[in-house]
Amino acid sequence: MSDYFNSFNEDEDFSYLISKFEDAVESGLINETHFSEEEYDYLINHYMGEDDGDSVFMLAKMAHREHPYSVDLIIRYVDVLIVNKDYSEAIKVTEQRLATDSHNADILFLHGRALAKTGQHEEARRFINAAAEIEQEDSAEMYTTIGQDYVEEEDFENALYYLEIVYGTSPANYDVLNDLAYCYDRLGDLEKATDLYQKLIDIDPFNDYIWYNIGTIYSKIPDYDKALDAYGYALALNPSNTSALYNKAIILINNKKIKEATELFEDFLTLEPDNVQVMIALADSYLTLGENDNASVYFKRVLSFDKNSVEANMGISAILLYEKDYFSSLVHLRRVMGKEEADYHFMAEPLYNAYIETKIIEFLIYTLIALYKTGAMQKFYIGIDILLEKDEIWLDKLLEYLPKVNKDKIVAQKIKQHKEGLSN
């Protein structure tokens with residue numbers, strides 16, 4: 001916004017205006033306080049520099065009310081309205097100005113920008129193109145701005161319309177190349193995205209962020225060798241690029257290179273020691289390697305942040321069951337069993353083995369939950385028979401975890417048969 005409006009006299013000291021404005025706000029006399037256009041210019045620029053959006057908005061609104069015919073203040077006010085998402089007011093103000101000044105490129109552009117924000121895309125194009133035609137020297141900046149607006153809204157199709165115009169006249173525009181590549185990536189045109197990222201590398205070969213983006217593209221294709229190479233370049237340029245560390249580690253895991261992945265996760269945690277997601281990934285990796293002690297360290301660290309973490313409680317439970325520390329495992333299992341996000345596939349067998357070993361009905365209940373959640377219904381029905389033979393009271397506990405079982409016809413039949421058997 002400051003590019004529009006820097007006309008105040010820099011030789012004059014307006015700093016006293018700051019206390020005048022703030023005193024007026026504090027005393028509730030702001031509506032009786034007035035400033036000239038030049039003074040508003042100074043104050044708005046000051047509070048923009050302070051990143052005080054509330055004061056900027058208040059001053060821009062006051063300025064427009066006091067000086068409604070000032071084009072510069074209209075531009076400032078509409079810009080602030082758009083930033084604050086008051087698009088209807090922005091459209092209203094620009095329409096009023098265009099009624100008397102239909103060839104002002106700044107007003108035309110802001111009107112089109114506000115229209116675009118409200119989804120009136122075709123109408124927005126008409127005004128933005130008109131503004132660009134009038135101010136051809138600034139057209140690239142206008143098209144880039146509206147294109148980036150659409151990128152922020154994740155409307156990549158409309159973003160491409162404007163960004164491609166700039167690219168056609170400025171094929172080496174770094175920011176536009178980057179935005180175009182991102183748009184094509186999100187729209188699934190990976191070949192086009194790769195080509196554009198390569199152009200960025202040709203301009204700036206030592207940018208680790210671009211190499212990281214190339215790695216993500218190759219991961220999606222997928223071409224894991226090229227992805228690993230790209231992440232490797234990113235990390236060579238910037239060993240602290242945690243995104244590249246994480247993504248490279250995930251590719252290694254998917255390619256069964258677990259040990260190499262753990263080293264990258266360890267490097268990541270030296271940079272972000274409190275990253276719970278990476279702690280869990282590292283713990284799971286150690287668990288896969290059979291290094292239960294290392295896995296346990298990181299699962300416990302996660303639990304120190306969040307004792308109800310499903311992943312960490314499941315992981316600790318698996319380790320404790322393997323070590324036959326059954327009663328300790330129950331502490332963690334009780335926190336997570338029945339939750340949808342839990343991974344039950346690897347728990348069903350250890351839970352059943354724990355039941356066979358201990359004859360504790362609670363382990364049978366958890367086994368049945370795991371079987372049901374993984375769709376192993378034949379084994380689930382066999383387990384129901386065992387449960388009914390052992391202790392019917394525990395069936396009510398199972399139904400608390402799995403209320404949908406009440407509607408299962410096979411389970412209902414088994415319960416009915418069991419009750420009939422008891423009555424006979």
# chains A, B, ... in the order shown; residues from 1 in each chain; ligands from 1
$ residues_around --residues "A:Thr374" --least-positions-apart "3" --cutoff "8 Å" --atoms "only C-alpha atoms" --output "mmCIF file with all heavy atoms, in the first residue's frame"
data_model
loop_
_atom_site.group_PDB
_atom_site.id
_atom_site.type_symbol
_atom_site.label_atom_id
_atom_site.label_comp_id
_atom_site.auth_asym_id
_atom_site.auth_seq_id
_atom_site.Cartn_x
_atom_site.Cartn_y
_atom_site.Cartn_z
ATOM 1 N N TYR A 344 -4.813 -50.664 14.211
ATOM 2 C CA TYR A 344 -5.141 -51.935 14.854
ATOM 3 C C TYR A 344 -4.526 -53.145 14.153
ATOM 4 O O TYR A 344 -4.529 -54.240 14.701
ATOM 5 C CB TYR A 344 -6.665 -52.114 14.903
ATOM 6 C CG TYR A 344 -7.358 -51.088 15.775
ATOM 7 C CD1 TYR A 344 -7.966 -49.973 15.220
ATOM 8 C CD2 TYR A 344 -7.392 -51.238 17.152
ATOM 9 C CE1 TYR A 344 -8.613 -49.033 16.011
ATOM 10 C CE2 TYR A 344 -8.032 -50.305 17.948
ATOM 11 C CZ TYR A 344 -8.634 -49.200 17.376
ATOM 12 O OH TYR A 344 -9.254 -48.277 18.175
ATOM 13 N N HIS A 345 -4.024 -52.946 12.961
ATOM 14 C CA HIS A 345 -3.579 -54.088 12.166
ATOM 15 C C HIS A 345 -2.449 -54.872 12.845
ATOM 16 O O HIS A 345 -2.447 -56.098 12.834
ATOM 17 C CB HIS A 345 -3.140 -53.628 10.776
ATOM 18 C CG HIS A 345 -4.281 -53.280 9.877
ATOM 19 N ND1 HIS A 345 -4.846 -52.012 9.863
ATOM 20 C CD2 HIS A 345 -4.994 -54.023 8.985
ATOM 21 C CE1 HIS A 345 -5.843 -52.001 8.991
ATOM 22 N NE2 HIS A 345 -5.950 -53.189 8.452
ATOM 23 N N ALA A 370 -9.766 -54.797 17.878
ATOM 24 C CA ALA A 370 -8.807 -54.762 16.773
ATOM 25 C C ALA A 370 -9.311 -55.574 15.583
ATOM 26 O O ALA A 370 -9.190 -55.148 14.429
ATOM 27 C CB ALA A 370 -7.448 -55.287 17.243
ATOM 28 N N LEU A 371 -9.892 -56.734 15.844
ATOM 29 C CA LEU A 371 -10.416 -57.565 14.759
ATOM 30 C C LEU A 371 -11.564 -56.866 14.040
ATOM 31 O O LEU A 371 -11.649 -56.871 12.810
ATOM 32 C CB LEU A 371 -10.885 -58.915 15.320
ATOM 33 C CG LEU A 371 -9.789 -59.848 15.827
ATOM 34 C CD1 LEU A 371 -10.408 -61.048 16.551
ATOM 35 C CD2 LEU A 371 -8.895 -60.322 14.686
#
$ residues_around --residues "A:Met58" --least-positions-apart "6" --cutoff "12 Å" --atoms "only C-alpha atoms" --output "ChimeraX atom specification"
/A:21-22,25,30-31,40,43-44,47-48,52,64-65,76-77,80-81,84
$ write_last_selection --atoms "C-alpha atoms" --output "PDB file, in the first residue's frame"
ATOM      1  CA  PHE A  21      -3.831  10.408  17.505  1.00  0.00           C
ATOM      2  CA  GLU A  22      -3.210   7.983  20.377  1.00  0.00           C
ATOM      3  CA  VAL A  25      -8.210   7.278  20.804  1.00  0.00           C
ATOM      4  CA  ILE A  30     -11.193  10.423  18.000  1.00  0.00           C
ATOM      5  CA  ASN A  31     -14.403  11.441  16.205  1.00  0.00           C
ATOM      6  CA  TYR A  40      -3.052  11.139   7.344  1.00  0.00           C
ATOM      7  CA  LEU A  43       0.179   8.507  10.309  1.00  0.00           C
ATOM      8  CA  ILE A  44      -0.937   5.644   8.073  1.00  0.00           C
ATOM      9  CA  TYR A  47       1.308   2.501  11.785  1.00  0.00           C
ATOM     10  CA  MET A  48       1.900   0.349   8.745  1.00  0.00           C
ATOM     11  CA  ASP A  52      -0.707  -2.025  13.663  1.00  0.00           C
ATOM     12  CA  HIS A  64     -11.792   8.850   3.492  1.00  0.00           C
ATOM     13  CA  ARG A  65     -14.607  10.358   5.548  1.00  0.00           C
ATOM     14  CA  ARG A  76      -5.451   3.787   0.502  1.00  0.00           C
ATOM     15  CA  TYR A  77      -8.890   3.156   2.017  1.00  0.00           C
ATOM     16  CA  VAL A  80      -7.190  -1.426   3.558  1.00  0.00           C
ATOM     17  CA  LEU A  81     -10.762  -2.625   3.031  1.00  0.00           C
ATOM     18  CA  ASN A  84      -9.643  -6.535   6.024  1.00  0.00           C
TER      19      ASN A  84
END
$ atom_distance --atom1 "atom CA of A:Ile369" --atom2 "atom CA of A:Leu388"
15.2 Å
$ select_by_dssp --residues "stretch 111-326 of chain A" --states "helix (DSSP H, G or I)" --output "PyMOL selection string"
chain A and resi 111-117+121-134+136-152+156-169+174-186+190-203+208-220+224-237+242-254+258-271+276-289+292-305+310-322+326
$ residues_around --residues "A:Arg301" --least-positions-apart "2" --cutoff "10 Å" --atoms "only C-alpha atoms" --output "PDB file with C-alpha atoms, in the first residue's frame"
ATOM      1  CA  ASP A 274       9.966 -30.728  20.179  1.00  0.00           C
ATOM      2  CA  VAL A 276       6.088 -34.645  17.977  1.00  0.00           C
ATOM      3  CA  MET A 279       9.425 -38.244  17.237  1.00  0.00           C
ATOM      4  CA  ILE A 280       6.615 -40.646  16.368  1.00  0.00           C
ATOM      5  CA  ALA A 283      10.008 -44.249  17.180  1.00  0.00           C
ATOM      6  CA  ALA A 295      11.662 -46.704  20.107  1.00  0.00           C
ATOM      7  CA  SER A 296      10.533 -46.580  23.714  1.00  0.00           C
ATOM      8  CA  VAL A 297      12.667 -43.480  24.387  1.00  0.00           C
ATOM      9  CA  TYR A 298      10.892 -41.493  21.697  1.00  0.00           C
ATOM     10  CA  PHE A 299       7.410 -42.835  22.415  1.00  0.00           C
ATOM     11  CA  LEU A 303       3.844 -38.919  25.955  1.00  0.00           C
ATOM     12  CA  SER A 304       5.605 -36.243  27.992  1.00  0.00           C
ATOM     13  CA  PHE A 305       3.991 -33.739  25.602  1.00  0.00           C
ATOM     14  CA  ASP A 306       0.670 -35.547  25.202  1.00  0.00           C
ATOM     15  CA  LYS A 307      -0.144 -38.503  27.432  1.00  0.00           C
ATOM     16  CA  ALA A 312       2.688 -43.203  21.251  1.00  0.00           C
TER      17      ALA A 312
END
$ closest_residue --among "A:Ala63, A:Leu110, A:Ala249, A:Leu351" --to "A:Val83" --atoms "only C-alpha atoms"
A:Leu110
